[in-house]
file upload_11.csv (CSV, C-alpha atoms and all ligand atoms)
chain,number,residue,atom,x,y,z
A,4,MET,CA,-7.3,2.8,-17.3
A,5,LYS,CA,-4.1,4.8,-17.3
A,6,GLU,CA,-1.5,2.1,-17.4
A,7,SER,CA,1.1,3.0,-14.8
A,8,PHE,CA,4.3,1.7,-13.2
A,9,ARG,CA,5.8,2.6,-9.9
A,10,TRP,CA,9.2,4.2,-10.1
A,11,TYR,CA,11.3,4.7,-6.9
A,12,GLY,CA,13.5,7.4,-8.4
A,13,PRO,CA,17.0,7.6,-9.9
A,14,GLN,CA,18.1,4.8,-7.5
A,15,ASP,CA,15.6,2.3,-8.8
A,16,ALA,CA,17.2,-0.7,-10.5
A,17,VAL,CA,14.3,-0.6,-13.0
A,18,PRO,CA,14.9,2.5,-15.2
A,19,LEU,CA,12.3,4.7,-16.8
A,20,SER,CA,13.4,3.4,-20.2
A,21,ALA,CA,12.4,-0.1,-19.2
A,22,ILE,CA,9.0,1.1,-17.8
A,23,ARG,CA,8.4,2.8,-21.2
A,24,GLN,CA,9.1,-0.5,-23.0
A,25,ALA,CA,6.6,-2.3,-20.7
A,26,GLY,CA,4.0,0.0,-22.3
A,27,ALA,CA,3.2,2.1,-19.3
A,28,THR,CA,2.4,5.7,-20.0
A,29,THR,CA,2.3,7.2,-16.6
A,30,ILE,CA,4.4,7.0,-13.5
A,31,VAL,CA,3.6,6.6,-9.9
A,32,SER,CA,6.4,8.0,-7.8
A,33,ALA,CA,7.4,9.9,-4.7
A,34,LEU,CA,10.2,12.0,-3.3
A,35,HIS,CA,11.6,9.3,-1.1
A,36,ASP,CA,14.5,11.5,0.1
A,37,VAL,CA,12.3,14.0,1.8
A,38,PRO,CA,12.0,13.2,5.5
A,39,ASN,CA,8.5,12.3,6.7
A,40,GLY,CA,6.6,15.4,7.7
A,41,ALA,CA,8.7,17.9,5.7
A,42,VAL,CA,7.2,20.0,2.9
A,43,TRP,CA,7.9,18.9,-0.7
A,44,SER,CA,9.2,22.0,-2.3
A,45,ILE,CA,8.1,23.0,-5.8
A,46,ASP,CA,11.8,22.8,-6.9
A,47,ALA,CA,12.3,19.3,-5.7
A,48,ILE,CA,9.0,18.2,-7.3
A,49,LYS,CA,10.0,19.8,-10.6
A,50,ILE,CA,13.4,18.1,-10.7
A,51,HIS,CA,11.7,14.7,-10.3
A,52,GLN,CA,9.0,15.5,-12.7
A,53,THR,CA,11.5,16.6,-15.4
A,54,LEU,CA,13.4,13.3,-15.1
A,55,ILE,CA,10.1,11.5,-15.8
A,56,GLN,CA,9.1,13.8,-18.7
A,57,ASN,CA,12.5,13.5,-20.3
A,58,ALA,CA,11.9,9.7,-20.5
A,59,GLY,CA,8.6,10.3,-22.4
A,60,LEU,CA,6.4,9.6,-19.4
A,61,LYS,CA,4.1,11.5,-17.1
A,62,TRP,CA,4.1,11.6,-13.3
A,63,ALA,CA,0.4,11.2,-12.7
A,64,VAL,CA,0.2,9.8,-9.1
A,65,VAL,CA,2.1,10.4,-6.0
A,66,GLU,CA,2.6,7.3,-3.9
A,67,SER,CA,2.9,8.3,-1.2
A,68,VAL,CA,3.1,11.5,0.8
A,69,PRO,CA,3.6,9.8,4.1
A,70,ILE,CA,1.8,10.8,7.2
A,71,HIS,CA,4.0,11.6,10.2
A,72,GLU,CA,3.6,9.4,13.2
A,73,ASP,CA,2.8,12.5,15.3
A,74,ILE,CA,-0.4,13.0,13.2
A,75,LYS,CA,-1.5,9.4,13.7
A,76,GLN,CA,-1.0,9.7,17.5
A,77,ARG,CA,-2.0,13.4,17.7
A,78,ILE,CA,1.0,14.3,19.8
A,79,GLY,CA,4.0,16.5,19.5
A,80,ASP,CA,4.2,18.6,16.4
A,81,TYR,CA,1.1,17.1,14.7
A,82,GLU,CA,-0.4,20.5,13.9
A,83,ARG,CA,2.7,21.7,12.1
A,84,TYR,CA,2.9,18.4,10.2
A,85,ILE,CA,-0.7,18.9,9.1
A,86,GLU,CA,0.1,22.4,7.8
A,87,ASN,CA,3.2,20.9,6.0
A,88,TYR,CA,1.0,18.3,4.4
A,89,LYS,CA,-1.3,21.0,3.1
A,90,SER,CA,1.7,22.9,1.6
A,91,THR,CA,2.9,19.7,-0.1
A,92,LEU,CA,-0.6,19.2,-1.7
A,93,LYS,CA,-0.6,22.8,-2.9
A,94,ASN,CA,2.9,22.5,-4.3
A,95,LEU,CA,2.1,19.2,-6.1
A,96,ALA,CA,-1.1,20.8,-7.6
A,97,SER,CA,0.9,23.8,-8.8
A,98,CYS,CA,3.1,21.3,-10.7
A,99,GLY,CA,0.0,19.7,-12.3
A,100,ILE,CA,0.0,16.5,-10.1
A,101,TYR,CA,-3.4,15.9,-8.6
A,102,THR,CA,-3.6,12.3,-7.4
A,103,VAL,CA,-2.0,11.6,-4.0
A,104,CYS,CA,-2.0,8.2,-2.3
A,105,TYR,CA,-1.2,7.8,1.4
A,106,ASN,CA,-1.8,5.3,4.1
A,107,PHE,CA,-2.6,5.5,7.8
A,108,MET,CA,-0.9,2.3,9.1
A,109,PRO,CA,0.9,3.1,12.3
A,110,VAL,CA,4.5,2.1,12.7
A,111,LEU,CA,4.7,-0.4,9.8
A,112,ASP,CA,3.6,0.1,6.3
A,113,TRP,CA,3.0,-3.0,4.2
A,114,THR,CA,4.4,-6.1,5.8
A,115,ARG,CA,5.6,-9.5,4.6
A,116,THR,CA,7.5,-12.2,6.5
A,117,HIS,CA,9.2,-13.7,3.4
A,118,LEU,CA,10.3,-11.8,0.3
A,119,TYR,CA,11.4,-14.7,-1.9
A,120,LYS,CA,9.0,-17.6,-1.6
A,121,THR,CA,9.9,-20.1,-4.4
A,122,LEU,CA,6.8,-21.0,-6.4
A,123,VAL,CA,6.4,-24.2,-8.4
A,124,ASP,CA,7.5,-22.5,-11.7
A,125,GLY,CA,10.8,-21.3,-10.1
A,126,SER,CA,9.8,-17.7,-9.8
A,127,THR,CA,9.7,-16.1,-6.3
A,128,ALA,CA,6.9,-14.2,-4.6
A,129,LEU,CA,6.3,-12.1,-1.5
A,130,SER,CA,4.5,-14.0,1.3
A,131,PHE,CA,3.1,-13.7,4.8
A,132,GLU,CA,3.2,-16.6,7.2
A,133,ILE,CA,1.2,-16.1,10.3
A,134,ASP,CA,3.3,-18.4,12.5
A,135,ALA,CA,6.4,-16.5,11.5
A,136,LEU,CA,4.8,-13.2,12.4
A,137,ARG,CA,3.7,-14.5,15.8
A,138,ALA,CA,7.0,-16.2,16.4
A,139,PHE,CA,8.8,-12.9,15.7
A,140,ASP,CA,6.4,-11.0,18.0
A,141,LEU,CA,6.7,-13.6,20.9
A,142,TYR,CA,10.3,-14.6,20.8
A,143,VAL,CA,12.3,-12.0,18.9
A,144,VAL,CA,10.5,-8.7,19.8
A,145,LYS,CA,9.2,-10.2,23.1
A,146,ARG,CA,6.4,-7.7,23.1
A,147,ASN,CA,4.7,-7.0,26.5
A,148,ARG,CA,1.2,-8.4,26.2
A,149,ALA,CA,1.9,-10.5,23.1
A,150,THR,CA,0.9,-13.6,24.9
A,151,GLU,CA,-2.5,-12.0,25.6
A,152,ASP,CA,-3.2,-11.6,21.9
A,153,TYR,CA,-2.8,-15.2,20.9
A,154,SER,CA,-4.5,-18.5,21.9
A,155,SER,CA,-2.4,-21.3,23.5
A,156,LEU,CA,-2.6,-23.3,20.3
A,157,GLN,CA,-1.3,-20.3,18.3
A,158,ILE,CA,1.5,-19.8,20.8
A,159,GLU,CA,2.5,-23.4,20.5
A,160,ALA,CA,2.6,-23.3,16.8
A,161,ALA,CA,4.6,-20.1,16.9
A,162,LYS,CA,7.0,-21.7,19.3
A,163,ARG,CA,7.5,-24.7,17.1
A,164,TYR,CA,8.1,-22.4,14.2
A,165,TYR,CA,10.6,-20.3,16.1
A,166,GLU,CA,12.5,-23.4,17.3
A,167,SER,CA,12.8,-24.7,13.7
A,168,LEU,CA,14.7,-21.5,12.6
A,169,GLU,CA,18.4,-21.2,12.1
A,170,GLU,CA,20.0,-17.9,13.3
A,171,ILE,CA,20.3,-16.6,9.8
A,172,GLU,CA,16.6,-17.2,9.2
A,173,VAL,CA,15.8,-15.2,12.4
A,174,LYS,CA,17.9,-12.4,11.0
A,175,SER,CA,16.2,-12.5,7.6
A,176,LEU,CA,12.7,-12.6,9.2
A,177,THR,CA,13.7,-9.6,11.3
A,178,LYS,CA,14.9,-7.7,8.3
A,179,SER,CA,11.8,-8.5,6.2
A,180,ILE,CA,9.5,-7.3,8.9
A,181,ILE,CA,11.1,-4.2,10.5
A,182,ALA,CA,13.8,-3.0,8.1
A,183,GLY,CA,11.2,-1.3,5.9
A,184,LEU,CA,10.0,-2.6,2.6
A,185,PRO,CA,10.4,-0.3,-0.4
A,186,GLY,CA,8.2,2.7,-0.1
A,187,ALA,CA,7.6,2.2,3.6
A,188,GLU,CA,9.9,5.2,4.3
A,189,GLU,CA,10.7,4.0,7.8
A,190,GLY,CA,12.7,1.1,9.0
A,191,TYR,CA,13.7,0.4,12.6
A,192,THR,CA,16.2,-1.2,14.8
A,193,MET,CA,14.8,-3.6,17.4
A,194,GLU,CA,14.9,-1.0,20.1
A,195,GLU,CA,13.2,1.7,18.0
A,196,PHE,CA,10.6,-0.9,17.0
A,197,ASN,CA,9.8,-1.7,20.6
A,198,GLN,CA,9.4,2.0,21.5
A,199,ARG,CA,7.1,2.6,18.6
A,200,ILE,CA,4.9,-0.4,19.5
A,201,GLU,CA,4.8,0.7,23.1
A,202,ALA,CA,3.5,4.2,22.0
A,203,TYR,CA,0.4,2.4,20.7
A,204,SER,CA,-0.3,0.3,23.7
A,205,HIS,CA,-2.8,3.0,24.9
A,206,LEU,CA,-4.2,3.9,21.6
A,207,ASP,CA,-7.1,1.8,20.5
A,208,GLN,CA,-8.9,1.4,17.1
A,209,ASP,CA,-11.6,4.0,17.8
A,210,THR,CA,-9.0,6.6,18.8
A,211,LEU,CA,-6.9,5.9,15.7
A,212,ARG,CA,-10.0,6.2,13.5
A,213,SER,CA,-10.9,9.5,15.1
A,214,HIS,CA,-7.4,10.8,14.5
A,215,LEU,CA,-7.6,9.8,10.8
A,216,ILE,CA,-11.0,11.5,10.5
A,217,GLN,CA,-9.7,14.7,12.2
A,218,PHE,CA,-6.7,14.7,9.9
A,219,LEU,CA,-9.0,14.4,6.9
A,220,ALA,CA,-11.3,17.1,8.1
A,221,ALA,CA,-8.3,19.3,8.4
A,222,ILE,CA,-6.8,18.7,5.0
A,223,ILE,CA,-9.7,18.0,2.6
A,224,PRO,CA,-10.7,21.7,2.3
A,225,THR,CA,-7.1,22.3,1.0
A,226,ALA,CA,-7.4,19.3,-1.3
A,227,GLU,CA,-10.7,20.6,-2.6
A,228,ALA,CA,-9.3,24.1,-3.2
A,229,CYS,CA,-6.3,22.9,-5.2
A,230,ASN,CA,-8.2,20.0,-6.8
A,231,VAL,CA,-6.1,17.2,-5.3
A,232,LYS,CA,-7.7,13.8,-5.1
A,233,LEU,CA,-6.4,12.0,-2.0
A,234,CYS,CA,-6.7,8.3,-2.0
A,235,ILE,CA,-6.0,6.2,1.1
A,236,HIS,CA,-4.4,2.9,0.6
A,237,PRO,CA,-5.8,0.0,2.6
A,238,ASP,CA,-3.9,-1.7,5.4
A,239,ASP,CA,-1.6,-4.5,4.1
A,240,PRO,CA,-2.3,-7.0,5.5
A,241,PRO,CA,-5.8,-5.9,6.5
A,242,HIS,CA,-5.6,-6.6,10.2
A,243,SER,CA,-3.8,-5.5,13.3
A,244,LEU,CA,-0.1,-6.6,13.7
A,245,PHE,CA,1.8,-6.5,17.0
A,246,GLY,CA,-1.3,-5.2,18.8
A,247,ILE,CA,-1.2,-2.0,16.8
A,248,PRO,CA,-4.6,-0.9,15.6
A,249,ARG,CA,-5.4,-0.6,11.9
A,250,VAL,CA,-8.5,1.2,10.6
A,251,VAL,CA,-8.6,0.8,6.8
A,252,SER,CA,-9.1,-3.0,6.5
A,253,THR,CA,-12.7,-3.7,6.0
A,254,ALA,CA,-15.9,-2.5,4.2
A,255,SER,CA,-17.1,-0.9,7.4
A,256,ASP,CA,-13.8,0.8,8.0
A,257,ILE,CA,-14.0,2.6,4.6
A,258,GLU,CA,-17.7,3.3,5.1
A,259,ALA,CA,-16.9,5.1,8.4
A,260,LEU,CA,-14.2,7.2,6.7
A,261,PHE,CA,-16.3,8.3,3.7
A,262,SER,CA,-19.5,9.0,5.7
A,263,ALA,CA,-17.5,11.1,8.2
A,264,VAL,CA,-15.9,13.2,5.4
A,265,PRO,CA,-18.0,12.7,2.2
A,266,SER,CA,-16.1,15.0,-0.1
A,267,LEU,CA,-15.0,13.1,-3.3
A,268,ASN,CA,-11.5,14.5,-2.7
A,269,ASN,CA,-11.5,12.0,0.2
A,270,GLY,CA,-10.9,9.0,-2.0
A,271,LEU,CA,-9.6,5.5,-2.1
A,272,THR,CA,-6.8,3.5,-3.6
A,273,PHE,CA,-8.5,0.3,-4.4
A,274,CYS,CA,-5.9,-2.3,-3.8
A,275,THR,CA,-7.3,-5.7,-4.6
A,276,GLY,CA,-4.3,-7.5,-3.1
A,277,SER,CA,-4.6,-5.8,0.3
A,278,PHE,CA,-8.4,-6.0,0.7
A,279,GLY,CA,-8.4,-9.5,-0.9
A,280,VAL,CA,-6.5,-11.1,2.0
A,281,ARG,CA,-9.7,-11.1,4.0
A,282,ALA,CA,-12.3,-13.6,3.0
A,283,ASP,CA,-15.0,-11.4,4.5
A,284,ASN,CA,-14.2,-8.5,2.2
A,285,ASP,CA,-16.5,-8.7,-0.8
A,286,LEU,CA,-14.2,-6.8,-3.2
A,287,LEU,CA,-16.8,-6.2,-5.9
A,288,GLU,CA,-19.4,-4.9,-3.5
A,289,MET,CA,-16.8,-2.6,-1.9
A,290,PHE,CA,-15.7,-1.4,-5.3
A,291,ILE,CA,-19.2,-0.7,-6.5
A,292,ASN,CA,-20.2,1.1,-3.2
A,293,HIS,CA,-17.3,3.5,-3.4
A,294,ALA,CA,-16.7,3.6,-7.2
A,295,GLU,CA,-17.1,7.3,-7.6
A,296,ARG,CA,-14.2,8.0,-5.2
A,297,ILE,CA,-11.7,5.4,-6.4
A,298,HIS,CA,-8.9,7.5,-7.8
A,299,PHE,CA,-6.2,4.9,-8.1
A,300,LEU,CA,-6.1,1.2,-8.7
A,301,HIS,CA,-3.6,-1.4,-7.5
A,302,PHE,CA,-4.4,-4.6,-9.3
A,303,ARG,CA,-2.8,-7.7,-7.7
A,304,SER,CA,-4.0,-11.0,-6.4
A,305,THR,CA,-3.2,-13.0,-3.3
A,306,GLN,CA,-3.8,-16.7,-2.5
A,307,ARG,CA,-4.8,-17.1,1.2
A,308,ASP,CA,-5.5,-20.0,3.4
A,309,GLU,CA,-7.9,-20.2,6.4
A,310,LYS,CA,-5.0,-19.8,8.9
A,311,GLY,CA,-4.1,-16.3,7.8
A,312,ASN,CA,-1.2,-17.1,5.5
A,313,PHE,CA,-1.0,-15.7,2.0
A,314,PHE,CA,1.3,-15.3,-0.9
A,315,GLU,CA,1.2,-13.1,-3.9
A,316,ALA,CA,-0.3,-15.0,-6.8
A,317,ASN,CA,0.0,-14.3,-10.5
A,318,HIS,CA,-2.2,-11.3,-11.4
A,319,LEU,CA,-5.0,-13.3,-13.0
A,320,GLU,CA,-4.9,-16.2,-10.5
A,321,GLY,CA,-5.4,-16.5,-6.7
A,322,ASP,CA,-8.4,-15.3,-4.7
A,323,VAL,CA,-9.2,-12.1,-6.6
A,324,ASP,CA,-11.7,-12.3,-9.4
A,325,MET,CA,-9.6,-10.0,-11.6
A,326,TYR,CA,-12.1,-10.3,-14.5
A,327,ALA,CA,-14.8,-8.9,-12.2
A,328,MET,CA,-12.6,-6.1,-10.9
A,329,VAL,CA,-11.3,-5.0,-14.3
A,330,LYS,CA,-14.8,-5.0,-15.6
A,331,ALA,CA,-16.0,-2.9,-12.7
A,332,ALA,CA,-13.2,-0.4,-13.2
A,333,LEU,CA,-14.1,-0.1,-16.9
A,334,GLN,CA,-17.8,0.3,-16.1
A,335,GLU,CA,-16.9,3.1,-13.7
A,336,GLU,CA,-14.8,4.8,-16.3
A,337,LYS,CA,-17.7,4.6,-18.7
A,338,ARG,CA,-20.1,6.0,-16.2
A,339,ARG,CA,-17.7,8.9,-15.4
A,340,LYS,CA,-17.3,9.7,-19.1
A,341,ALA,CA,-21.1,9.8,-19.6
A,342,ILE,CA,-21.5,12.4,-16.8
A,343,GLY,CA,-18.6,14.4,-18.1
A,344,ARG,CA,-16.0,13.8,-15.4
A,345,ILE,CA,-12.7,14.9,-16.7
A,346,ASP,CA,-11.0,12.4,-14.4
A,347,TRP,CA,-12.8,9.5,-16.0
A,348,GLU,CA,-9.6,7.5,-16.7
A,349,ILE,CA,-8.4,5.9,-13.5
A,350,PRO,CA,-4.6,5.3,-13.1
A,351,MET,CA,-3.9,1.6,-12.5
A,352,ARG,CA,-0.7,-0.1,-11.7
A,353,PRO,CA,0.0,-3.8,-11.7
A,354,ASP,CA,0.9,-4.1,-8.1
A,355,HIS,CA,4.0,-6.1,-7.4
A,356,GLY,CA,5.1,-9.0,-9.6
A,357,HIS,CA,7.1,-12.2,-9.2
A,358,GLN,CA,10.8,-12.2,-9.5
A,359,MET,CA,11.4,-14.3,-12.6
A,360,LEU,CA,13.6,-15.0,-15.6
A,361,ASP,CA,16.6,-12.7,-15.8
A,362,ASP,CA,15.5,-10.7,-12.8
A,363,LEU,CA,16.2,-13.8,-10.6
A,364,ASN,CA,19.9,-12.8,-10.9
A,365,LYS,CA,19.3,-9.1,-10.2
A,366,THR,CA,18.8,-7.1,-7.1
A,367,THR,CA,15.6,-5.1,-7.4
A,368,ASN,CA,13.2,-3.8,-4.8
A,369,PRO,CA,11.2,-6.8,-3.5
A,370,GLY,CA,7.9,-7.0,-5.5
A,371,TYR,CA,9.1,-4.4,-7.9
A,372,SER,CA,11.3,-6.2,-10.5
A,373,ALA,CA,10.7,-5.3,-14.1
A,374,ILE,CA,9.7,-8.6,-15.7
A,375,GLY,CA,7.1,-9.8,-13.2
A,376,ARG,CA,5.3,-6.4,-13.3
A,377,LEU,CA,5.6,-6.3,-17.1
A,378,ARG,CA,3.8,-9.7,-17.1
A,379,GLY,CA,1.2,-8.3,-14.8
A,380,LEU,CA,0.6,-5.2,-16.9
A,381,ALA,CA,0.5,-7.2,-20.1
A,382,GLU,CA,-2.1,-9.6,-18.6
A,383,LEU,CA,-4.2,-6.8,-17.2
A,384,ARG,CA,-4.1,-4.9,-20.5
A,385,GLY,CA,-5.2,-7.9,-22.4
A,386,LEU,CA,-8.0,-8.6,-20.0
A,387,ALA,CA,-9.2,-5.0,-20.2
A,388,LEU,CA,-9.1,-5.0,-24.0
A,389,GLY,CA,-11.0,-8.3,-24.2
A,390,ILE,CA,-13.7,-7.0,-21.8
A,391,SER,CA,-14.1,-3.6,-23.5
A,392,ARG,CA,-14.4,-5.2,-26.9
A,393,SER,CA,-17.0,-7.7,-25.8
A,394,ASP,CA,-19.4,-7.3,-22.9
A,395,LEU,CA,-19.3,-3.8,-21.6
A,401,LIG,C1,3.4,-1.7,-1.4
A,401,LIG,C2,2.6,-0.5,-1.5
A,401,LIG,C3,2.6,0.3,-0.2
A,401,LIG,C4,1.8,1.6,-0.5
A,401,LIG,C5,1.6,2.4,0.7
A,401,LIG,C6,0.6,3.5,0.4
A,401,LIG,O1,3.8,-2.2,-2.4
A,401,LIG,O2,1.3,-0.8,-1.9
A,401,LIG,O3,3.9,0.7,0.1
A,401,LIG,O4,2.5,2.3,-1.4
A,401,LIG,O5,1.1,1.7,1.8
A,401,LIG,O6,0.8,4.6,1.2
call {"tool": "encode", "arguments": {"input": "upload_11.csv", "output": "structure tokens"}}
result
Amino acid sequence: MKESFRWYGPQDAVPLSAIRQAGATTIVSALHDVPNGAVWSIDAIKIHQTLIQNAGLKWAVVESVPIHEDIKQRIGDYERYIENYKSTLKNLASCGIYTVCYNFMPVLDWTRTHLYKTLVDGSTALSFEIDALRAFDLYVVKRNRATEDYSSLQIEAAKRYYESLEEIEVKSLTKSIIAGLPGAEEGYTMEEFNQRIEAYSHLDQDTLRSHLIQFLAAIIPTAEACNVKLCIHPDDPPHSLFGIPRVVSTASDIEALFSAVPSLNNGLTFCTGSFGVRADNDLLEMFINHAERIHFLHFRSTQRDEKGNFFEANHLEGDVDMYAMVKAALQEEKRRKAIGRIDWEIPMRPDHGHQMLDDLNKTTNPGYSAIGRLRGLAELRGLALGISRSDL
């Protein structure tokens, strides 16, 4: 596996020099300053690429080229945005960057209710509390139709939760959910958020899926022509939020996507932490079924309960069987090598990490502090070495 680290650009509190010391060789990054939908120019790509190269590292994966909301809804300027997307892929390829991650989650990208849950060892983790989410939906956003989406018991629990909150906690919950986590590219005021949600009130799961498939049908020929491997990131968490449909959450979701557009350039970012939140997702089976089109790995574990709460566990703990996942990834690499695939080595990044040690006193992007991810990478690297030296 190509050991990688995400870097948010020159503004990132974790510099490239620290990433190099963590032992990563490749960088996962994006041009976060370019507005959604605009073309990434070759010049802008090269400037960013040079910063990375000057630090002795290589920009191997783009995470993400975001998909404009108009494409998801197929309204407004969506055709122009699709053309722009193709131009961005061509420009990236002409700079030697061939792996592009993206997601198709409407309105919100990855979502957590709490960014600093204190764990027993004193470190902090990102977490998702279902009562907090429902309380926010029912009593802060006050979404039309929210009450129709929940049972009376769920509403009661959400109400109790909301009533227990101090004003400052309501503010921080609001910020965690709608202000936009790092990499989400978009954050909203309450009014904007309400408008965005409303836009989806008449767009169901099947329609969103068909929009995704039409988008892929339009761009995959360009990706093939310039040798770009697109890899969709699963929904995080893998279910609908605020009544907005999500279509990349389950085994049957990804099956539908890849059978509709079978090209291997239509690939997957296998994020164990996102898929792993659902007990009905058999991660190993999903991995094996789609192994040939997994172009990027996010290794992370979550610890869930039966109510729908979860927090981010240490990389080798929690619900994900990381031994099985790393072994499957190494076996896939071996298989690719044997059939002569030049892309046999799959980029992998330790996804997120706990805020710990010295980082507890620093301001870093939630989930993206240096030491927690360094620990994750070190553990994954050791696991991979152990597996490849023993039972492959
Ligand atoms: C969070 C990330 C997401 C991911 C996008 C992919 O840490 O996994 O922001 O980058 O959803 O497009």
call {"tool": "closest_atom_pairs", "arguments": {"input": "upload_11.csv", "of": "chain A", "to": "ligand LIG 401 (chain A)", "cutoff": "8 Å", "atoms": "all atoms listed in the file", "output": "Markdown table"}}
result
| residue | atom | partner | partner_atom | distance |
| --- | --- | --- | --- | --- |
| A:Glu66 | CA | A:LIG401 | O4 | 5.6 |
| A:Ser67 | CA | A:LIG401 | O6 | 4.9 |
| A:Val68 | CA | A:LIG401 | O6 | 7.3 |
| A:Pro69 | CA | A:LIG401 | O6 | 6.6 |
| A:Cys104 | CA | A:LIG401 | O6 | 5.7 |
| A:Tyr105 | CA | A:LIG401 | O6 | 3.8 |
| A:Asn106 | CA | A:LIG401 | O6 | 4.0 |
| A:Phe107 | CA | A:LIG401 | O6 | 7.5 |
| A:Met108 | CA | A:LIG401 | O5 | 7.6 |
| A:Asp112 | CA | A:LIG401 | O5 | 5.4 |
| A:Trp113 | CA | A:LIG401 | C3 | 5.5 |
| A:Leu184 | CA | A:LIG401 | O3 | 7.4 |
| A:Pro185 | CA | A:LIG401 | O3 | 6.6 |
| A:Gly186 | CA | A:LIG401 | O3 | 4.7 |
| A:Ala187 | CA | A:LIG401 | O3 | 5.3 |
| A:Ile235 | CA | A:LIG401 | O6 | 7.0 |
| A:His236 | CA | A:LIG401 | C6 | 5.0 |
| A:Pro237 | CA | A:LIG401 | O5 | 7.2 |
| A:Asp238 | CA | A:LIG401 | O5 | 7.0 |
| A:Asp239 | CA | A:LIG401 | O5 | 7.1 |
| A:Cys274 | CA | A:LIG401 | O2 | 7.6 |
| A:His301 | CA | A:LIG401 | O2 | 7.5 |
| A:Asp354 | CA | A:LIG401 | O1 | 6.7 |
| A:His355 | CA | A:LIG401 | O1 | 6.3 |
| A:Gly370 | CA | A:LIG401 | O1 | 7.0 |
| A:Tyr371 | CA | A:LIG401 | O1 | 7.9 |
call {"tool": "closest_residue", "arguments": {"input": "upload_11.csv", "among": "A:Thr192, A:Thr91, A:Gln14, A:Gln334", "to": "Asn39 in chain A", "atoms": "only C-alpha atoms"}}
result
A:Thr91
call {"tool": "atom_distance", "arguments": {"input": "upload_11.csv", "atom1": "CA of Pro353 in chain A", "atom2": "CA of Phe299 in chain A"}}
result
11.3 Å
call {"tool": "closest_residue", "arguments": {"input": "upload_11.csv", "among": "A:Val103, A:Ile30, A:Val144, A:Leu118", "to": "Ile297 in chain A", "atoms": "all atoms listed in the file"}}
result
A:Val103
call {"tool": "residues_around", "arguments": {"input": "upload_11.csv", "residues": "Thr114 in chain A", "least_positions_apart": "3", "cutoff": "10 Å", "atoms": "only C-alpha atoms", "output": "number ranges by chain"}}
result
A: 111, 117-118, 129-131, 136, 179-181, 183-184, 187, 238-240, 244
call {"tool": "closest_atom_pairs", "arguments": {"input": "upload_11.csv", "of": "range 142-171 of chain A", "to": "range 196-214 of chain A", "cutoff": "12 Å", "atoms": "all atoms listed in the file", "output": "tab-separated table"}}
result
residue	atom	partner	partner_atom	distance
A:Val143	CA	A:Asn197	CA	10.7
A:Val144	CA	A:Asn197	CA	7.1
A:Lys145	CA	A:Asn197	CA	8.9
A:Arg146	CA	A:Asn197	CA	7.3
A:Asn147	CA	A:Glu201	CA	8.4
A:Arg148	CA	A:Ser204	CA	9.2
A:Ala149	CA	A:Ser204	CA	11.0
call {"tool": "write_last_selection", "arguments": {"input": "upload_11.csv", "atoms": "C-alpha atoms", "output": "compact mmCIF listing (two decimals), in the frame of the given file"}}
result
# COMPACT_ATOMS: atom_id res chain seq x y z
CA VAL A 143 12.30 -12.00 18.90
CA VAL A 144 10.50 -8.70 19.80
CA LYS A 145 9.20 -10.20 23.10
CA ARG A 146 6.40 -7.70 23.10
CA ASN A 147 4.70 -7.00 26.50
CA ARG A 148 1.20 -8.40 26.20
CA ALA A 149 1.90 -10.50 23.10
call {"tool": "build_atoms", "arguments": {"input": "upload_11.csv", "residues": "range 234-240 of chain A", "atoms": "N, CA, C and O atoms", "output": "PDB file, keeping the file's coordinate frame"}}
result
ATOM      1  N   CYS A 234      -6.163   9.644  -1.980  1.00  0.00           N
ATOM      2  CA  CYS A 234      -6.700   8.300  -2.000  1.00  0.00           C
ATOM      3  C   CYS A 234      -5.966   7.393  -1.032  1.00  0.00           C
ATOM      4  O   CYS A 234      -4.790   7.079  -1.234  1.00  0.00           O
ATOM      5  N   ILE A 235      -6.666   7.023   0.001  1.00  0.00           N
ATOM      6  CA  ILE A 235      -6.000   6.200   1.100  1.00  0.00           C
ATOM      7  C   ILE A 235      -5.828   4.800   0.609  1.00  0.00           C
ATOM      8  O   ILE A 235      -6.672   4.215  -0.075  1.00  0.00           O
ATOM      9  N   HIS A 236      -4.679   4.277   0.973  1.00  0.00           N
ATOM     10  CA  HIS A 236      -4.400   2.900   0.600  1.00  0.00           C
ATOM     11  C   HIS A 236      -4.801   1.999   1.799  1.00  0.00           C
ATOM     12  O   HIS A 236      -4.577   2.344   2.961  1.00  0.00           O
ATOM     13  N   PRO A 237      -5.415   0.851   1.525  1.00  0.00           N
ATOM     14  CA  PRO A 237      -5.800   0.000   2.600  1.00  0.00           C
ATOM     15  C   PRO A 237      -4.632  -0.598   3.391  1.00  0.00           C
ATOM     16  O   PRO A 237      -3.501  -0.619   2.899  1.00  0.00           O
ATOM     17  N   ASP A 238      -4.926  -1.077   4.575  1.00  0.00           N
ATOM     18  CA  ASP A 238      -3.900  -1.700   5.400  1.00  0.00           C
ATOM     19  C   ASP A 238      -3.463  -3.017   4.707  1.00  0.00           C
ATOM     20  O   ASP A 238      -4.279  -3.747   4.147  1.00  0.00           O
ATOM     21  N   ASP A 239      -2.171  -3.287   4.811  1.00  0.00           N
ATOM     22  CA  ASP A 239      -1.600  -4.500   4.100  1.00  0.00           C
ATOM     23  C   ASP A 239      -0.664  -5.176   5.069  1.00  0.00           C
ATOM     24  O   ASP A 239       0.444  -4.668   5.271  1.00  0.00           O
ATOM     25  N   PRO A 240      -1.011  -6.330   5.647  1.00  0.00           N
ATOM     26  CA  PRO A 240      -2.300  -7.000   5.500  1.00  0.00           C
ATOM     27  C   PRO A 240      -3.406  -6.295   6.292  1.00  0.00           C
ATOM     28  O   PRO A 240      -3.109  -5.484   7.169  1.00  0.00           O
TER      29      PRO A 240
END
